[in-house]
Amino acid sequence: MTNTHDDGGGGSDGVGSVGAGGAEPGGAGGAPDADGAPDAACDTLSAELQGALDAAVKAQRLPGAAAAVAIGGCSWLGAAGVADAEADVAVQPGDLFRAGSITKSFVATLALMLRAEGLLSLDDSVSTYVDGIPRGEQISARHLLNHTSGIFDYTSMDEFWTAALEDPTHTWTPSELIELAASRPPYFEPGQGFAYSNTNYIIAGLLIEAASGEPIGELLRTRVLEPAGLAHTYLDGAEAALPGLVHGYGRSRGELVEMTSALHASAAGAAGALVSTSSDLARFYRKLLDGTLLGPDELAEMTTWVDTPPGQVNGYGLGLSRRESPLGVQHGHDGGIWGFTSSSYYAIDSDASITVLVNLEGADVGRVVDDLSRVLATP
């Protein structure tokens, strides 16, 4: 949910096996030949990836991490560290993590699906669909999805955090969050700059519900999660939770602080309430960017980039980030939310997907993605 420009057991015992032949979230390789060479290559890659993940967890003093990597005919799930520090329970590769702002890619996908069906125009004003949005006549759906609306980010406000932490069980309505943001002047006129704002996606959620006539949780499940086979993903606060969410932490004076449920999921909503696994997220971005979920026109819209301030990404589309890596250009998204940090990217030119989920707020997950990318890029 935070700004992308700041948005088995541990170690080898937590490794999911590498498979040849494109097991999910895998690539397009075929069956091993008679001497088992593809399997041997994948096994070697498995050890190298696990070593890089172990080293990253140790170097950043992370509680734990889960990762999914796929390239060519090899796919790997790995884990390191702990899912519950107090009970010393190890992270498993299939554990659930809060995904934070990765939610935005899912929401933008829904908007583009509605666009393909003629139910939503990216360039119509927000007020065409939703009443009561400040400057709604001047702001378009496109402005929301690529963060060029100028709307203030409610998560940048002390008033929001004070109220949220004083009553962690408070169920926030989108209107409350939008009203908070509207109490501050806009960053700029619509379309005249870029400013990452979670408020944009709170409004986008309302817009999608108005255009479709369906609750966003139901729409997400029927249009994206079920068709893509994402059986371990849900929008927290909008549908029943699945078991298996790891504990999330912050750090204070060097000590871990429990933050798993520091706020109600409605405080993130369509901007960041998704819960998922590393393999589900890797599968999602592969199916999104290979054209399975969206047609070519919608993908072209999604990957029309606006300039962003210097940082971890070097372009933002519609719910999608572009970043440079040792594998070249990657498309995906980062996420940060109370107790968790996440990053999931797909490098189209090398057909490589990398997802890293960490149960520590503010972790440098982009660095871990690059560590794993270097393993894949090494001849």
# chains A, B, ... in the order shown; residues from 1 in each chain; ligands from 1

call {"tool": "residues_around", "arguments": {"residues": "segment 104-113 of chain A", "least_positions_apart": "6", "cutoff": "10 Å", "atoms": "only C-alpha atoms", "output": "PDB file with N, CA and C atoms, in the first residue's frame"}}
result
ATOM      1  N   MET A   1       0.818  -1.194   0.000  1.00  0.00           N
ATOM      2  CA  MET A   1       0.000   0.000   0.000  1.00  0.00           C
ATOM      3  C   MET A   1       0.855   1.247   0.000  1.00  0.00           C
ATOM      4  N   LEU A 119     -18.033  -1.166 -20.711  1.00  0.00           N
ATOM      5  CA  LEU A 119     -18.699  -0.723 -19.486  1.00  0.00           C
ATOM      6  C   LEU A 119     -17.976   0.439 -18.810  1.00  0.00           C
ATOM      7  N   LEU A 120     -16.770   0.723 -19.259  1.00  0.00           N
ATOM      8  CA  LEU A 120     -15.957   1.758 -18.617  1.00  0.00           C
ATOM      9  C   LEU A 120     -15.043   2.378 -19.661  1.00  0.00           C
ATOM     10  N   SER A 121     -14.993   3.694 -19.669  1.00  0.00           N
ATOM     11  CA  SER A 121     -14.041   4.400 -20.517  1.00  0.00           C
ATOM     12  C   SER A 121     -12.944   4.982 -19.630  1.00  0.00           C
ATOM     13  N   LEU A 122     -11.702   4.782 -20.025  1.00  0.00           N
ATOM     14  CA  LEU A 122     -10.581   5.296 -19.234  1.00  0.00           C
ATOM     15  C   LEU A 122     -10.560   6.816 -19.206  1.00  0.00           C
ATOM     16  N   ALA A 141     -10.700   8.061 -15.118  1.00  0.00           N
ATOM     17  CA  ALA A 141     -10.267   6.749 -14.620  1.00  0.00           C
ATOM     18  C   ALA A 141      -8.786   6.549 -14.890  1.00  0.00           C
ATOM     19  N   ARG A 142      -8.306   6.996 -16.041  1.00  0.00           N
ATOM     20  CA  ARG A 142      -6.883   6.873 -16.369  1.00  0.00           C
ATOM     21  C   ARG A 142      -6.023   7.616 -15.349  1.00  0.00           C
ATOM     22  N   LEU A 144      -6.641   8.129 -12.287  1.00  0.00           N
ATOM     23  CA  LEU A 144      -6.589   7.337 -11.050  1.00  0.00           C
ATOM     24  C   LEU A 144      -5.592   6.192 -11.183  1.00  0.00           C
ATOM     25  N   LEU A 145      -5.703   5.459 -12.280  1.00  0.00           N
ATOM     26  CA  LEU A 145      -4.949   4.205 -12.421  1.00  0.00           C
ATOM     27  C   LEU A 145      -3.461   4.433 -12.637  1.00  0.00           C
ATOM     28  N   ASN A 146      -3.077   5.595 -13.210  1.00  0.00           N
ATOM     29  CA  ASN A 146      -1.638   5.841 -13.385  1.00  0.00           C
ATOM     30  C   ASN A 146      -1.107   6.944 -12.468  1.00  0.00           C
ATOM     31  N   ASN A 198      -2.552   6.280  -2.652  1.00  0.00           N
ATOM     32  CA  ASN A 198      -3.473   5.175  -2.406  1.00  0.00           C
ATOM     33  C   ASN A 198      -4.930   5.593  -2.560  1.00  0.00           C
ATOM     34  N   ASN A 200      -6.192   7.172  -4.938  1.00  0.00           N
ATOM     35  CA  ASN A 200      -6.596   6.901  -6.317  1.00  0.00           C
ATOM     36  C   ASN A 200      -7.286   5.551  -6.443  1.00  0.00           C
ATOM     37  N   TYR A 201      -6.750   4.546  -5.778  1.00  0.00           N
ATOM     38  CA  TYR A 201      -7.291   3.198  -5.938  1.00  0.00           C
ATOM     39  C   TYR A 201      -8.483   2.929  -5.022  1.00  0.00           C
ATOM     40  N   ILE A 202      -8.605   3.668  -3.943  1.00  0.00           N
ATOM     41  CA  ILE A 202      -9.857   3.611  -3.179  1.00  0.00           C
ATOM     42  C   ILE A 202     -11.002   4.101  -4.061  1.00  0.00           C
ATOM     43  N   ALA A 204     -10.895   4.207  -7.398  1.00  0.00           N
ATOM     44  CA  ALA A 204     -11.007   3.265  -8.519  1.00  0.00           C
ATOM     45  C   ALA A 204     -11.877   2.072  -8.149  1.00  0.00           C
ATOM     46  N   GLY A 205     -11.772   1.617  -6.911  1.00  0.00           N
ATOM     47  CA  GLY A 205     -12.628   0.516  -6.468  1.00  0.00           C
ATOM     48  C   GLY A 205     -14.103   0.883  -6.548  1.00  0.00           C
ATOM     49  N   LEU A 207     -15.385   3.178  -8.514  1.00  0.00           N
ATOM     50  CA  LEU A 207     -15.699   3.334  -9.930  1.00  0.00           C
ATOM     51  C   LEU A 207     -15.991   1.983 -10.581  1.00  0.00           C
ATOM     52  N   ILE A 208     -15.169   0.993 -10.273  1.00  0.00           N
ATOM     53  CA  ILE A 208     -15.341  -0.349 -10.838  1.00  0.00           C
ATOM     54  C   ILE A 208     -16.663  -0.965 -10.378  1.00  0.00           C
ATOM     55  N   GLU A 209     -16.994  -0.773  -9.102  1.00  0.00           N
ATOM     56  CA  GLU A 209     -18.266  -1.296  -8.602  1.00  0.00           C
ATOM     57  C   GLU A 209     -19.445  -0.622  -9.296  1.00  0.00           C
ATOM     58  N   ALA A 211     -19.472   0.834 -12.318  1.00  0.00           N
ATOM     59  CA  ALA A 211     -19.533   0.480 -13.737  1.00  0.00           C
ATOM     60  C   ALA A 211     -20.020  -0.948 -13.962  1.00  0.00           C
ATOM     61  N   SER A 212     -19.678  -1.840 -13.023  1.00  0.00           N
ATOM     62  CA  SER A 212     -20.025  -3.263 -13.192  1.00  0.00           C
ATOM     63  C   SER A 212     -21.320  -3.656 -12.504  1.00  0.00           C
ATOM     64  N   ILE A 216     -16.563  -5.332  -5.509  1.00  0.00           N
ATOM     65  CA  ILE A 216     -15.245  -5.568  -6.088  1.00  0.00           C
ATOM     66  C   ILE A 216     -14.678  -6.928  -5.685  1.00  0.00           C
ATOM     67  N   LEU A 219     -16.286  -9.441  -7.983  1.00  0.00           N
ATOM     68  CA  LEU A 219     -15.791  -9.229  -9.338  1.00  0.00           C
ATOM     69  C   LEU A 219     -14.367  -9.762  -9.491  1.00  0.00           C
ATOM     70  N   LEU A 220     -13.545  -9.493  -8.504  1.00  0.00           N
ATOM     71  CA  LEU A 220     -12.165  -9.970  -8.552  1.00  0.00           C
ATOM     72  C   LEU A 220     -12.110 -11.488  -8.593  1.00  0.00           C
ATOM     73  N   ARG A 223     -13.720 -12.743 -12.115  1.00  0.00           N
ATOM     74  CA  ARG A 223     -13.073 -12.276 -13.347  1.00  0.00           C
ATOM     75  C   ARG A 223     -11.579 -12.572 -13.407  1.00  0.00           C
ATOM     76  N   VAL A 224     -10.923 -12.659 -12.230  1.00  0.00           N
ATOM     77  CA  VAL A 224      -9.461 -12.813 -12.225  1.00  0.00           C
ATOM     78  C   VAL A 224      -9.002 -14.050 -11.465  1.00  0.00           C
ATOM     79  N   LEU A 225      -9.376 -14.159 -10.200  1.00  0.00           N
ATOM     80  CA  LEU A 225      -8.815 -15.212  -9.357  1.00  0.00           C
ATOM     81  C   LEU A 225      -9.182 -16.607  -9.851  1.00  0.00           C
ATOM     82  N   ALA A 270      -9.216  -1.399  -1.800  1.00  0.00           N
ATOM     83  CA  ALA A 270      -8.800  -1.636  -3.183  1.00  0.00           C
ATOM     84  C   ALA A 270      -7.389  -1.128  -3.463  1.00  0.00           C
ATOM     85  N   ALA A 271      -6.796  -0.422  -2.511  1.00  0.00           N
ATOM     86  CA  ALA A 271      -5.424   0.058  -2.687  1.00  0.00           C
ATOM     87  C   ALA A 271      -4.383  -0.933  -2.205  1.00  0.00           C
ATOM     88  N   GLY A 272      -4.791  -1.923  -1.363  1.00  0.00           N
ATOM     89  CA  GLY A 272      -3.735  -2.780  -0.839  1.00  0.00           C
ATOM     90  C   GLY A 272      -4.132  -3.922   0.060  1.00  0.00           C
ATOM     91  N   ALA A 273      -5.373  -4.411   0.016  1.00  0.00           N
ATOM     92  CA  ALA A 273      -5.823  -5.415   0.978  1.00  0.00           C
ATOM     93  C   ALA A 273      -5.645  -6.860   0.514  1.00  0.00           C
ATOM     94  N   LEU A 274      -5.010  -7.081  -0.624  1.00  0.00           N
ATOM     95  CA  LEU A 274      -4.865  -8.440  -1.142  1.00  0.00           C
ATOM     96  C   LEU A 274      -3.953  -9.285  -0.251  1.00  0.00           C
ATOM     97  N   PHE A 284      -0.100 -14.893 -11.622  1.00  0.00           N
ATOM     98  CA  PHE A 284      -0.928 -13.774 -12.058  1.00  0.00           C
ATOM     99  C   PHE A 284      -0.193 -12.894 -13.069  1.00  0.00           C
ATOM    100  N   TYR A 285       1.029 -12.465 -12.738  1.00  0.00           N
ATOM    101  CA  TYR A 285       1.724 -11.551 -13.649  1.00  0.00           C
ATOM    102  C   TYR A 285       2.082 -12.233 -14.967  1.00  0.00           C
ATOM    103  N   LEU A 288      -1.148 -12.249 -16.857  1.00  0.00           N
ATOM    104  CA  LEU A 288      -1.499 -10.890 -17.237  1.00  0.00           C
ATOM    105  C   LEU A 288      -0.681 -10.432 -18.437  1.00  0.00           C
ATOM    106  N   LEU A 293      -5.128 -12.848 -19.654  1.00  0.00           N
ATOM    107  CA  LEU A 293      -6.206 -12.151 -18.952  1.00  0.00           C
ATOM    108  C   LEU A 293      -6.727 -10.940 -19.718  1.00  0.00           C
ATOM    109  N   LEU A 294      -5.862 -10.260 -20.449  1.00  0.00           N
ATOM    110  CA  LEU A 294      -6.249  -9.050 -21.166  1.00  0.00           C
ATOM    111  C   LEU A 294      -5.877  -9.164 -22.637  1.00  0.00           C
ATOM    112  N   GLY A 295      -6.652  -8.505 -23.470  1.00  0.00           N
ATOM    113  CA  GLY A 295      -6.355  -8.468 -24.895  1.00  0.00           C
ATOM    114  C   GLY A 295      -5.242  -7.477 -25.200  1.00  0.00           C
ATOM    115  N   ASP A 297      -5.139  -4.665 -26.900  1.00  0.00           N
ATOM    116  CA  ASP A 297      -5.443  -3.242 -26.724  1.00  0.00           C
ATOM    117  C   ASP A 297      -5.355  -2.837 -25.265  1.00  0.00           C
ATOM    118  N   GLU A 298      -5.882  -3.699 -24.389  1.00  0.00           N
ATOM    119  CA  GLU A 298      -5.854  -3.384 -22.961  1.00  0.00           C
ATOM    120  C   GLU A 298      -4.428  -3.452 -22.408  1.00  0.00           C
ATOM    121  N   LEU A 299      -3.647  -4.421 -22.870  1.00  0.00           N
ATOM    122  CA  LEU A 299      -2.253  -4.494 -22.441  1.00  0.00           C
ATOM    123  C   LEU A 299      -1.464  -3.275 -22.919  1.00  0.00           C
ATOM    124  N   GLU A 301      -2.682  -0.296 -23.283  1.00  0.00           N
ATOM    125  CA  GLU A 301      -3.058   0.782 -22.356  1.00  0.00           C
ATOM    126  C   GLU A 301      -2.314   0.626 -21.029  1.00  0.00           C
ATOM    127  N   MET A 302      -2.274  -0.592 -20.524  1.00  0.00           N
ATOM    128  CA  MET A 302      -1.664  -0.843 -19.217  1.00  0.00           C
ATOM    129  C   MET A 302      -0.179  -0.527 -19.219  1.00  0.00           C
ATOM    130  N   GLY A 317       2.501   2.483 -15.434  1.00  0.00           N
ATOM    131  CA  GLY A 317       1.407   2.365 -16.379  1.00  0.00           C
ATOM    132  C   GLY A 317       0.080   2.440 -15.659  1.00  0.00           C
ATOM    133  N   LEU A 318      -0.813   1.517 -15.960  1.00  0.00           N
ATOM    134  CA  LEU A 318      -2.085   1.431 -15.255  1.00  0.00           C
ATOM    135  C   LEU A 318      -1.985   0.285 -14.259  1.00  0.00           C
ATOM    136  N   GLY A 319      -1.680   0.615 -13.009  1.00  0.00           N
ATOM    137  CA  GLY A 319      -1.510  -0.407 -11.981  1.00  0.00           C
ATOM    138  C   GLY A 319      -0.308  -1.282 -12.198  1.00  0.00           C
ATOM    139  N   LEU A 320       0.676  -0.800 -12.929  1.00  0.00           N
ATOM    140  CA  LEU A 320       1.840  -1.597 -13.289  1.00  0.00           C
ATOM    141  C   LEU A 320       3.092  -0.721 -13.255  1.00  0.00           C
ATOM    142  N   SER A 321       4.165  -1.274 -12.672  1.00  0.00           N
ATOM    143  CA  SER A 321       5.447  -0.580 -12.624  1.00  0.00           C
ATOM    144  C   SER A 321       6.419  -1.184 -13.617  1.00  0.00           C
ATOM    145  N   GLY A 332       5.730  -5.273 -13.236  1.00  0.00           N
ATOM    146  CA  GLY A 332       5.032  -5.854 -12.094  1.00  0.00           C
ATOM    147  C   GLY A 332       4.655  -4.775 -11.106  1.00  0.00           C
ATOM    148  N   HIS A 333       4.832  -5.053  -9.817  1.00  0.00           N
ATOM    149  CA  HIS A 333       4.482  -4.054  -8.799  1.00  0.00           C
ATOM    150  C   HIS A 333       5.147  -4.425  -7.478  1.00  0.00           C
ATOM    151  N   ASP A 334       5.347  -3.408  -6.649  1.00  0.00           N
ATOM    152  CA  ASP A 334       5.824  -3.586  -5.284  1.00  0.00           C
ATOM    153  C   ASP A 334       4.671  -3.333  -4.318  1.00  0.00           C
ATOM    154  N   GLY A 335       4.833  -3.771  -3.082  1.00  0.00           N
ATOM    155  CA  GLY A 335       3.818  -3.514  -2.075  1.00  0.00           C
ATOM    156  C   GLY A 335       4.433  -3.363  -0.698  1.00  0.00           C
TER     157      GLY A 335
END

call {"tool": "closest_residue", "arguments": {"among": "A:Arg98, A:Arg322, A:Leu263, A:Gly362", "to": "Thr308 of chain A", "atoms": "only C-alpha atoms"}}
result
A:Arg322

call {"tool": "residues_around", "arguments": {"residues": "His331 of chain A", "least_positions_apart": "6", "cutoff": "12 Å", "atoms": "only C-alpha atoms", "output": "PyMOL selection string"}}
result
chain A and resi 102+105+282+285-286+288-290+299+302-305+313-325+343-355

call {"tool": "atom_distance", "arguments": {"atom1": "atom CA of Gly150 of chain A", "atom2": "atom CA of Val365 of chain A"}}
result
27.3 Å

call {"tool": "closest_residue", "arguments": {"among": "A:Pro186, A:Pro296, A:Gly81, A:Pro93", "to": "Ser278 of chain A", "atoms": "only C-alpha atoms"}}
result
A:Pro93

call {"tool": "closest_residue", "arguments": {"among": "A:Glu176, A:Gly250, A:Gly213, A:Asp124", "to": "Ala163 of chain A", "atoms": "only C-alpha atoms"}}
result
A:Glu176

call {"tool": "atom_distance", "arguments": {"atom1": "atom CA of Ala240 of chain A", "atom2": "atom CA of Leu77 of chain A"}}
result
25.8 Å

call {"tool": "closest_residue", "arguments": {"among": "A:Ala41, A:Val329, A:Val306, A:Val356", "to": "Val369 of chain A", "atoms": "only C-alpha atoms"}}
result
A:Val356

call {"tool": "select_by_dssp", "arguments": {"residues": "segment 190-272 of chain A", "states": "alpha helix (DSSP H)", "output": "mmCIF file with all heavy atoms, in the first residue's frame"}}
result
data_model
loop_
_atom_site.group_PDB
_atom_site.id
_atom_site.type_symbol
_atom_site.label_atom_id
_atom_site.label_comp_id
_atom_site.auth_asym_id
_atom_site.auth_seq_id
_atom_site.Cartn_x
_atom_site.Cartn_y
_atom_site.Cartn_z
ATOM 1 N N ASN A 198 -2.552 6.280 -2.652
ATOM 2 C CA ASN A 198 -3.473 5.175 -2.406
ATOM 3 C C ASN A 198 -4.930 5.593 -2.560
ATOM 4 O O ASN A 198 -5.787 4.766 -2.870
ATOM 5 C CB ASN A 198 -3.222 4.611 -1.001
ATOM 6 C CG ASN A 198 -1.905 3.871 -0.925
ATOM 7 O OD1 ASN A 198 -1.738 2.813 -1.513
ATOM 8 N ND2 ASN A 198 -0.936 4.435 -0.212
ATOM 9 N N THR A 199 -5.193 6.884 -2.370
ATOM 10 C CA THR A 199 -6.560 7.372 -2.533
ATOM 11 C C THR A 199 -7.074 7.101 -3.944
ATOM 12 O O THR A 199 -8.267 6.838 -4.146
ATOM 13 C CB THR A 199 -6.624 8.886 -2.234
ATOM 14 O OG1 THR A 199 -5.887 9.176 -1.053
ATOM 15 C CG2 THR A 199 -8.064 9.338 -2.055
ATOM 16 N N ASN A 200 -6.192 7.172 -4.938
ATOM 17 C CA ASN A 200 -6.596 6.901 -6.317
ATOM 18 C C ASN A 200 -7.286 5.551 -6.443
ATOM 19 O O ASN A 200 -8.297 5.407 -7.148
ATOM 20 C CB ASN A 200 -5.375 6.919 -7.238
ATOM 21 C CG ASN A 200 -4.854 8.314 -7.503
ATOM 22 O OD1 ASN A 200 -5.621 9.265 -7.605
ATOM 23 N ND2 ASN A 200 -3.540 8.438 -7.606
ATOM 24 N N TYR A 201 -6.750 4.546 -5.778
ATOM 25 C CA TYR A 201 -7.291 3.198 -5.938
ATOM 26 C C TYR A 201 -8.483 2.929 -5.022
ATOM 27 O O TYR A 201 -9.296 2.046 -5.320
ATOM 28 C CB TYR A 201 -6.177 2.166 -5.782
ATOM 29 C CG TYR A 201 -5.473 1.962 -7.112
ATOM 30 C CD1 TYR A 201 -4.581 2.913 -7.606
ATOM 31 C CD2 TYR A 201 -5.757 0.860 -7.907
ATOM 32 C CE1 TYR A 201 -3.983 2.764 -8.842
ATOM 33 C CE2 TYR A 201 -5.160 0.697 -9.149
ATOM 34 C CZ TYR A 201 -4.274 1.654 -9.615
ATOM 35 O OH TYR A 201 -3.696 1.505 -10.858
ATOM 36 N N ILE A 202 -8.605 3.668 -3.943
ATOM 37 C CA ILE A 202 -9.857 3.611 -3.179
ATOM 38 C C ILE A 202 -11.002 4.101 -4.061
ATOM 39 O O ILE A 202 -12.075 3.479 -4.136
ATOM 40 C CB ILE A 202 -9.754 4.463 -1.902
ATOM 41 C CG1 ILE A 202 -8.662 3.911 -0.960
ATOM 42 C CG2 ILE A 202 -11.100 4.525 -1.191
ATOM 43 C CD1 ILE A 202 -8.906 2.504 -0.452
ATOM 44 N N ILE A 203 -10.766 5.203 -4.784
ATOM 45 C CA ILE A 203 -11.784 5.727 -5.703
ATOM 46 C C ILE A 203 -11.980 4.776 -6.881
ATOM 47 O O ILE A 203 -13.118 4.533 -7.321
ATOM 48 C CB ILE A 203 -11.391 7.129 -6.198
ATOM 49 C CG1 ILE A 203 -11.293 8.098 -5.022
ATOM 50 C CG2 ILE A 203 -12.410 7.643 -7.216
ATOM 51 C CD1 ILE A 203 -10.709 9.455 -5.388
ATOM 52 N N ALA A 204 -10.895 4.207 -7.398
ATOM 53 C CA ALA A 204 -11.007 3.265 -8.519
ATOM 54 C C ALA A 204 -11.877 2.072 -8.149
ATOM 55 O O ALA A 204 -12.632 1.563 -8.985
ATOM 56 C CB ALA A 204 -9.619 2.803 -8.952
ATOM 57 N N GLY A 205 -11.772 1.617 -6.911
ATOM 58 C CA GLY A 205 -12.628 0.516 -6.468
ATOM 59 C C GLY A 205 -14.103 0.883 -6.548
ATOM 60 O O GLY A 205 -14.935 0.075 -7.011
ATOM 61 N N LEU A 206 -14.447 2.104 -6.124
ATOM 62 C CA LEU A 206 -15.834 2.563 -6.219
ATOM 63 C C LEU A 206 -16.278 2.674 -7.669
ATOM 64 O O LEU A 206 -17.402 2.298 -8.030
ATOM 65 C CB LEU A 206 -15.980 3.926 -5.539
ATOM 66 C CG LEU A 206 -15.781 3.973 -4.026
ATOM 67 C CD1 LEU A 206 -15.904 5.413 -3.540
ATOM 68 C CD2 LEU A 206 -16.802 3.086 -3.310
ATOM 69 N N LEU A 207 -15.385 3.178 -8.514
ATOM 70 C CA LEU A 207 -15.699 3.334 -9.930
ATOM 71 C C LEU A 207 -15.991 1.983 -10.581
ATOM 72 O O LEU A 207 -16.948 1.837 -11.353
ATOM 73 C CB LEU A 207 -14.534 4.052 -10.604
ATOM 74 C CG LEU A 207 -14.686 4.526 -12.040
ATOM 75 C CD1 LEU A 207 -13.778 5.726 -12.288
ATOM 76 C CD2 LEU A 207 -14.323 3.422 -13.019
ATOM 77 N N ILE A 208 -15.169 0.993 -10.273
ATOM 78 C CA ILE A 208 -15.341 -0.349 -10.838
ATOM 79 C C ILE A 208 -16.663 -0.965 -10.378
ATOM 80 O O ILE A 208 -17.385 -1.594 -11.164
ATOM 81 C CB ILE A 208 -14.144 -1.234 -10.451
ATOM 82 C CG1 ILE A 208 -12.915 -0.815 -11.274
ATOM 83 C CG2 ILE A 208 -14.447 -2.716 -10.650
ATOM 84 C CD1 ILE A 208 -11.620 -1.406 -10.768
ATOM 85 N N GLU A 209 -16.994 -0.773 -9.102
ATOM 86 C CA GLU A 209 -18.266 -1.296 -8.602
ATOM 87 C C GLU A 209 -19.445 -0.622 -9.296
ATOM 88 O O GLU A 209 -20.433 -1.278 -9.657
ATOM 89 C CB GLU A 209 -18.341 -1.101 -7.089
ATOM 90 C CG GLU A 209 -17.386 -1.995 -6.322
ATOM 91 C CD GLU A 209 -17.563 -1.912 -4.825
ATOM 92 O OE1 GLU A 209 -18.012 -0.842 -4.327
ATOM 93 O OE2 GLU A 209 -17.258 -2.895 -4.135
ATOM 94 N N ALA A 210 -19.346 0.693 -9.504
ATOM 95 C CA ALA A 210 -20.438 1.419 -10.156
ATOM 96 C C ALA A 210 -20.596 1.000 -11.618
ATOM 97 O O ALA A 210 -21.713 0.817 -12.107
ATOM 98 C CB ALA A 210 -20.174 2.927 -10.058
ATOM 99 N N ALA A 211 -19.472 0.834 -12.318
ATOM 100 C CA ALA A 211 -19.533 0.480 -13.737
ATOM 101 C C ALA A 211 -20.020 -0.948 -13.962
ATOM 102 O O ALA A 211 -20.686 -1.241 -14.952
ATOM 103 C CB ALA A 211 -18.157 0.667 -14.373
ATOM 104 N N SER A 212 -19.678 -1.840 -13.023
ATOM 105 C CA SER A 212 -20.025 -3.263 -13.192
ATOM 106 C C SER A 212 -21.320 -3.656 -12.504
ATOM 107 O O SER A 212 -21.950 -4.651 -12.871
ATOM 108 C CB SER A 212 -18.895 -4.134 -12.640
ATOM 109 O OG SER A 212 -18.801 -3.994 -11.230
ATOM 110 N N ILE A 216 -16.563 -5.332 -5.509
ATOM 111 C CA ILE A 216 -15.245 -5.568 -6.088
ATOM 112 C C ILE A 216 -14.678 -6.928 -5.685
ATOM 113 O O ILE A 216 -13.981 -7.572 -6.469
ATOM 114 C CB ILE A 216 -14.274 -4.419 -5.731
ATOM 115 C CG1 ILE A 216 -13.007 -4.540 -6.583
ATOM 116 C CG2 ILE A 216 -13.961 -4.399 -4.239
ATOM 117 C CD1 ILE A 216 -12.149 -3.302 -6.569
ATOM 118 N N GLY A 217 -14.984 -7.399 -4.472
ATOM 119 C CA GLY A 217 -14.486 -8.706 -4.055
ATOM 120 C C GLY A 217 -15.027 -9.822 -4.934
ATOM 121 O O GLY A 217 -14.289 -10.719 -5.355
ATOM 122 N N GLU A 218 -16.334 -9.767 -5.227
ATOM 123 C CA GLU A 218 -16.946 -10.787 -6.085
ATOM 124 C C GLU A 218 -16.425 -10.672 -7.510
ATOM 125 O O GLU A 218 -16.159 -11.686 -8.172
ATOM 126 C CB GLU A 218 -18.469 -10.629 -6.068
ATOM 127 C CG GLU A 218 -19.112 -10.950 -4.723
ATOM 128 C CD GLU A 218 -20.620 -10.795 -4.752
ATOM 129 O OE1 GLU A 218 -21.187 -10.706 -5.872
ATOM 130 O OE2 GLU A 218 -21.229 -10.744 -3.663
ATOM 131 N N LEU A 219 -16.286 -9.441 -7.983
ATOM 132 C CA LEU A 219 -15.791 -9.229 -9.338
ATOM 133 C C LEU A 219 -14.367 -9.762 -9.491
ATOM 134 O O LEU A 219 -14.038 -10.427 -10.480
ATOM 135 C CB LEU A 219 -15.839 -7.738 -9.661
ATOM 136 C CG LEU A 219 -15.741 -7.332 -11.125
ATOM 137 C CD1 LEU A 219 -16.983 -7.764 -11.879
ATOM 138 C CD2 LEU A 219 -15.545 -5.828 -11.244
ATOM 139 N N LEU A 220 -13.545 -9.493 -8.504
ATOM 140 C CA LEU A 220 -12.165 -9.970 -8.552
ATOM 141 C C LEU A 220 -12.110 -11.488 -8.593
ATOM 142 O O LEU A 220 -11.342 -12.086 -9.360
ATOM 143 C CB LEU A 220 -11.400 -9.447 -7.332
ATOM 144 C CG LEU A 220 -9.923 -9.812 -7.243
ATOM 145 C CD1 LEU A 220 -9.139 -9.163 -8.369
ATOM 146 C CD2 LEU A 220 -9.357 -9.377 -5.889
ATOM 147 N N GLU A 226 -10.451 -16.850 -10.108
ATOM 148 C CA GLU A 226 -10.855 -18.188 -10.569
ATOM 149 C C GLU A 226 -10.372 -18.490 -11.982
ATOM 150 O O GLU A 226 -9.802 -19.564 -12.217
ATOM 151 C CB GLU A 226 -12.373 -18.334 -10.438
ATOM 152 C CG GLU A 226 -12.832 -18.387 -8.980
ATOM 153 C CD GLU A 226 -14.341 -18.473 -8.827
ATOM 154 O OE1 GLU A 226 -15.052 -18.379 -9.867
ATOM 155 O OE2 GLU A 226 -14.816 -18.620 -7.684
ATOM 156 N N PRO A 227 -10.548 -17.577 -12.954
ATOM 157 C CA PRO A 227 -10.041 -17.881 -14.298
ATOM 158 C C PRO A 227 -8.525 -18.100 -14.343
ATOM 159 O O PRO A 227 -8.042 -18.920 -15.131
ATOM 160 C CB PRO A 227 -10.435 -16.644 -15.109
ATOM 161 C CG PRO A 227 -11.605 -16.076 -14.391
ATOM 162 C CD PRO A 227 -11.337 -16.335 -12.940
ATOM 163 N N ALA A 228 -7.774 -17.393 -13.506
ATOM 164 C CA ALA A 228 -6.316 -17.536 -13.513
ATOM 165 C C ALA A 228 -5.831 -18.667 -12.622
ATOM 166 O O ALA A 228 -4.631 -18.960 -12.587
ATOM 167 C CB ALA A 228 -5.655 -16.229 -13.085
#

call {"tool": "atom_distance", "arguments": {"atom1": "atom CA of Gly78 of chain A", "atom2": "atom CA of Gln50 of chain A"}}
result
6.4 Å

call {"tool": "select_by_dssp", "arguments": {"residues": "segment 219-356 of chain A", "states": "strand (DSSP E)", "output": "VMD selection string"}}
result
chain A and resid 234 to 235 249 to 252 255 to 258 274 to 276 321 to 325 328 to 337 340 to 347 352 to 356

call {"tool": "closest_residue", "arguments": {"among": "A:Ser252, A:Ser183, A:Thr171, A:Ser261", "to": "Glu159 of chain A", "atoms": "only C-alpha atoms"}}
result
A:Ser183

call {"tool": "closest_residue", "arguments": {"among": "A:Ala195, A:Ala90, A:Ala182, A:Met259", "to": "His143 of chain A", "atoms": "only C-alpha atoms"}}
result
A:Ala195
